[in-house]
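start36.cif follows (mmCIF, C-alpha atoms; chains and numbers go by the auth columns):
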data_work
#
loop_
_atom_site.group_PDB
_atom_site.id
_atom_site.type_symbol
_atom_site.label_atom_id
_atom_site.label_comp_id
_atom_site.label_asym_id
_atom_site.label_seq_id
_atom_site.Cartn_x
_atom_site.Cartn_y
_atom_site.Cartn_z
_atom_site.B_iso_or_equiv
_atom_site.auth_seq_id
_atom_site.auth_asym_id
ATOM 1 C CA MET A 1 104.900 -37.129 100.387 0.00 1 A
ATOM 2 C CA ARG A 2 105.936 -40.603 99.268 0.00 2 A
ATOM 3 C CA PHE A 3 105.131 -39.828 95.618 0.00 3 A
ATOM 4 C CA THR A 4 107.281 -36.679 95.759 0.00 4 A
ATOM 5 C CA GLU A 5 110.253 -38.647 97.096 0.00 5 A
ATOM 6 C CA VAL A 6 109.955 -41.231 94.313 0.00 6 A
ATOM 7 C CA VAL A 7 109.761 -38.513 91.659 0.00 7 A
ATOM 8 C CA CYS A 8 112.826 -36.767 93.120 0.00 8 A
ATOM 9 C CA ILE A 9 114.836 -39.996 93.211 0.00 9 A
ATOM 10 C CA ALA A 10 113.828 -40.848 89.632 0.00 10 A
ATOM 11 C CA PHE A 11 114.787 -37.361 88.506 0.00 11 A
ATOM 12 C CA MET A 12 118.208 -37.686 90.175 0.00 12 A
ATOM 13 C CA ILE A 13 118.817 -41.057 88.500 0.00 13 A
ATOM 14 C CA VAL A 14 117.933 -39.639 85.083 0.00 14 A
ATOM 15 C CA LEU A 15 120.101 -36.576 85.680 0.00 15 A
ATOM 16 C CA VAL A 16 123.139 -38.601 86.761 0.00 16 A
ATOM 17 C CA SER A 17 122.681 -41.015 83.831 0.00 17 A
ATOM 18 C CA ALA A 18 122.531 -38.174 81.336 0.00 18 A
ATOM 19 C CA LEU A 19 125.684 -36.566 82.703 0.00 19 A
ATOM 20 C CA ALA A 20 127.736 -39.766 82.914 0.00 20 A
ATOM 21 C CA PRO A 21 130.382 -39.882 80.164 0.00 21 A
ATOM 22 C CA THR A 22 129.674 -42.540 77.581 0.00 22 A
ATOM 23 C CA LYS A 23 132.209 -44.626 75.697 0.00 23 A
ATOM 24 C CA ALA A 24 131.580 -42.686 72.485 0.00 24 A
ATOM 25 C CA TYR A 25 132.167 -39.439 74.342 0.00 25 A
ATOM 26 C CA LEU A 26 135.431 -40.690 75.830 0.00 26 A
ATOM 27 C CA GLU A 27 136.867 -41.993 72.547 0.00 27 A
ATOM 28 C CA GLU A 28 139.123 -39.455 70.930 0.00 28 A
ATOM 29 C CA LYS A 29 138.314 -38.712 67.319 0.00 29 A
ATOM 30 C CA VAL A 30 141.307 -39.261 65.028 0.00 30 A
ATOM 31 C CA ALA A 31 141.862 -36.992 62.059 0.00 31 A
ATOM 32 C CA CYS A 32 142.657 -39.092 58.998 0.00 32 A
ATOM 33 C CA ILE A 33 145.581 -37.248 57.466 0.00 33 A
ATOM 34 C CA PRO A 34 147.464 -39.481 55.015 0.00 34 A
ATOM 35 C CA THR A 35 150.500 -37.185 54.916 0.00 35 A
ATOM 36 C CA GLU A 36 151.200 -38.117 58.535 0.00 36 A
ATOM 37 C CA LEU A 37 152.117 -41.565 57.227 0.00 37 A
ATOM 38 C CA MET A 38 154.957 -40.252 55.043 0.00 38 A
ATOM 39 C CA THR A 39 157.466 -41.902 57.390 0.00 39 A
ATOM 40 C CA CYS A 40 155.996 -45.254 56.304 0.00 40 A
ATOM 41 C CA ILE A 41 156.512 -44.770 52.556 0.00 41 A
ATOM 42 C CA PRO A 42 159.981 -46.393 52.413 0.00 42 A
ATOM 43 C CA ALA A 43 158.749 -49.469 54.270 0.00 43 A
ATOM 44 C CA LEU A 44 155.560 -49.648 52.192 0.00 44 A
ATOM 45 C CA GLN A 45 157.473 -49.381 48.919 0.00 45 A
ATOM 46 C CA THR A 46 160.352 -51.738 49.705 0.00 46 A
ATOM 47 C CA GLY A 47 159.017 -54.002 52.445 0.00 47 A
ATOM 48 C CA SER A 48 161.817 -52.908 54.769 0.00 48 A
ATOM 49 C CA GLN A 49 161.533 -52.662 58.538 0.00 49 A
ATOM 50 C CA PRO A 50 159.183 -49.774 59.497 0.00 50 A
ATOM 51 C CA SER A 51 160.493 -47.151 61.884 0.00 51 A
ATOM 52 C CA ALA A 52 159.088 -46.720 65.383 0.00 52 A
ATOM 53 C CA GLU A 53 157.616 -43.408 64.226 0.00 53 A
ATOM 54 C CA CYS A 54 155.888 -45.164 61.325 0.00 54 A
ATOM 55 C CA CYS A 55 154.359 -47.775 63.649 0.00 55 A
ATOM 56 C CA GLY A 56 153.234 -45.050 66.023 0.00 56 A
ATOM 57 C CA LYS A 57 151.514 -43.137 63.241 0.00 57 A
ATOM 58 C CA LEU A 58 149.890 -46.300 61.893 0.00 58 A
ATOM 59 C CA LYS A 59 148.531 -47.108 65.349 0.00 59 A
ATOM 60 C CA GLU A 60 147.183 -43.564 65.667 0.00 60 A
ATOM 61 C CA GLN A 61 145.437 -43.847 62.309 0.00 61 A
ATOM 62 C CA GLU A 62 144.365 -47.486 62.537 0.00 62 A
ATOM 63 C CA SER A 63 140.707 -46.433 62.380 0.00 63 A
ATOM 64 C CA CYS A 64 141.440 -44.623 59.089 0.00 64 A
ATOM 65 C CA LEU A 65 142.834 -47.627 57.210 0.00 65 A
ATOM 66 C CA CYS A 66 139.494 -48.695 55.687 0.00 66 A
ATOM 67 C CA GLY A 67 139.036 -45.202 54.307 0.00 67 A
ATOM 68 C CA TYR A 68 142.514 -45.333 52.784 0.00 68 A
ATOM 69 C CA ILE A 69 141.774 -48.766 51.262 0.00 69 A
ATOM 70 C CA GLN A 70 138.601 -47.433 49.645 0.00 70 A
ATOM 71 C CA ASN A 71 140.347 -44.316 48.289 0.00 71 A
ATOM 72 C CA PRO A 72 141.918 -45.009 44.861 0.00 72 A
ATOM 73 C CA LEU A 73 144.746 -42.566 45.601 0.00 73 A
ATOM 74 C CA PHE A 74 145.945 -44.530 48.635 0.00 74 A
ATOM 75 C CA SER A 75 144.646 -48.072 48.165 0.00 75 A
ATOM 76 C CA GLN A 76 147.695 -49.194 46.205 0.00 76 A
ATOM 77 C CA TYR A 77 149.858 -48.493 49.248 0.00 77 A
ATOM 78 C CA VAL A 78 147.558 -49.971 51.873 0.00 78 A
ATOM 79 C CA THR A 79 146.580 -53.134 49.991 0.00 79 A
ATOM 80 C CA SER A 80 150.056 -54.137 48.835 0.00 80 A
ATOM 81 C CA GLU A 81 151.910 -57.178 50.141 0.00 81 A
ATOM 82 C CA ASN A 82 154.453 -54.826 51.715 0.00 82 A
ATOM 83 C CA ALA A 83 151.667 -53.030 53.573 0.00 83 A
ATOM 84 C CA HIS A 84 150.552 -56.358 55.050 0.00 84 A
ATOM 85 C CA LYS A 85 154.143 -56.928 56.243 0.00 85 A
ATOM 86 C CA VAL A 86 154.442 -53.429 57.715 0.00 86 A
ATOM 87 C CA LEU A 87 151.133 -53.713 59.577 0.00 87 A
ATOM 88 C CA ALA A 88 152.089 -57.143 60.926 0.00 88 A
ATOM 89 C CA THR A 89 155.500 -55.870 62.051 0.00 89 A
ATOM 90 C CA CYS A 90 153.817 -52.962 63.847 0.00 90 A
ATOM 91 C CA GLY A 91 151.334 -55.343 65.506 0.00 91 A
ATOM 92 C CA ILE A 92 148.322 -53.901 63.689 0.00 92 A
ATOM 93 C CA PRO A 93 145.806 -56.371 62.251 0.00 93 A
ATOM 94 C CA TYR A 94 144.930 -55.866 58.607 0.00 94 A
ATOM 95 C CA PRO A 95 141.484 -54.247 58.552 0.00 95 A
ATOM 96 C CA THR A 96 138.396 -56.014 57.314 0.00 96 A
ATOM 97 C CA CYS A 97 136.238 -53.312 55.824 0.00 97 A
#
Would you write out, as structure tokens, the structure that this file holds?
Amino acid sequence: MRFTEVVCIAFMIVLVSALAPTKAYLEEKVACIPTELMTCIPALQTGSQPSAECCGKLKEQESCLCGYIQNPLFSQYVTSENAHKVLATCGIPYPTC
């Protein structure tokens, strides 16, 4: 009877562990859609103050910035001196890819 109890307890521990949400499961996947950053174009081109909407979109897509840097179509915008200013103003650290 003792062996059966131990097996049941071990099974319950494994079952609960498998069903517990993990960090990866809880993290929301962000779709990297560059057109959502259109509100940032004026600030990126001129170095002007970014709008609150621009900062919000940049924060949403922060995990996408390395992909944008590596893409020749978007890297000129993300690697510019103005982009560094915009990211700093929005409180987003420049990514190290």
Shell of 10 Å around A:Cys90, all atoms listed in the file, local chain residues under 5 positions omitted, as a PyMOL selection string: chain A and resi 49-52+54-56+58-59+84-85
Pull out every residue that the PyMOL selection byres ((chain A and resi 30) around 12) matches in the shown coordinates and put them as a short mmCIF file (atom, residue, chain, number, x, y, z; two decimals) with C-alpha atoms, keeping the file's coordinate frame.
data_model
loop_
_atom_site.label_atom_id
_atom_site.label_comp_id
_atom_site.auth_asym_id
_atom_site.auth_seq_id
_atom_site.Cartn_x
_atom_site.Cartn_y
_atom_site.Cartn_z
CA GLU A 27 136.87 -41.99 72.55
CA GLU A 28 139.12 -39.46 70.93
CA LYS A 29 138.31 -38.71 67.32
CA ALA A 31 141.86 -36.99 62.06
CA CYS A 32 142.66 -39.09 59.00
CA ILE A 33 145.58 -37.25 57.47
CA PRO A 34 147.46 -39.48 55.02
CA GLU A 36 151.20 -38.12 58.54
CA LYS A 57 151.51 -43.14 63.24
CA LEU A 58 149.89 -46.30 61.89
CA LYS A 59 148.53 -47.11 65.35
CA GLU A 60 147.18 -43.56 65.67
CA GLN A 61 145.44 -43.85 62.31
CA GLU A 62 144.36 -47.49 62.54
CA SER A 63 140.71 -46.43 62.38
CA CYS A 64 141.44 -44.62 59.09
CA LEU A 65 142.83 -47.63 57.21
#
If you take every atom of stretch 49-62 of chain A that the file lists and fit an axis-aligned box around them with 3 Å extra on each side, what centre and edge lengths come out in Å to one decimal, as JSON?
{"center_x": 152.9, "center_y": -47.9, "center_z": 62.3, "size_x": 23.2, "size_y": 15.5, "size_z": 13.5}
What lies within 10 Å of A:Ile69 using all atoms listed in the file, ignoring chain neighbours under 5 positions off, as a PyMOL selection string? chain A and resi 64+74-79+95+97
Expand the PyMOL selection byres ((chain A and resi 46) around 12) into the individual residues it matches in the shown file, reporting them as a PDB file with C-alpha atoms, in the frame of the given file.
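The result, stored in part-v7.pdb:
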ATOM      1  CA  CYS A  40     155.996 -45.254  56.304  1.00  0.00           C
ATOM      2  CA  ILE A  41     156.512 -44.770  52.556  1.00  0.00           C
ATOM      3  CA  PRO A  42     159.981 -46.393  52.413  1.00  0.00           C
ATOM      4  CA  ALA A  43     158.749 -49.469  54.270  1.00  0.00           C
ATOM      5  CA  LEU A  44     155.560 -49.648  52.192  1.00  0.00           C
ATOM      6  CA  GLN A  45     157.473 -49.381  48.919  1.00  0.00           C
ATOM      7  CA  GLY A  47     159.017 -54.002  52.445  1.00  0.00           C
ATOM      8  CA  SER A  48     161.817 -52.908  54.769  1.00  0.00           C
ATOM      9  CA  GLN A  49     161.533 -52.662  58.538  1.00  0.00           C
ATOM     10  CA  PRO A  50     159.183 -49.774  59.497  1.00  0.00           C
ATOM     11  CA  TYR A  77     149.858 -48.493  49.248  1.00  0.00           C
ATOM     12  CA  SER A  80     150.056 -54.137  48.835  1.00  0.00           C
ATOM     13  CA  GLU A  81     151.910 -57.178  50.141  1.00  0.00           C
ATOM     14  CA  ASN A  82     154.453 -54.826  51.715  1.00  0.00           C
ATOM     15  CA  ALA A  83     151.667 -53.030  53.573  1.00  0.00           C
ATOM     16  CA  LYS A  85     154.143 -56.928  56.243  1.00  0.00           C
ATOM     17  CA  VAL A  86     154.442 -53.429  57.715  1.00  0.00           C
TER      18      VAL A  86
END
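If you look at atom CA of A:Cys66 and atom CA of A:Thr39, they are 19.3 Å away from each other.
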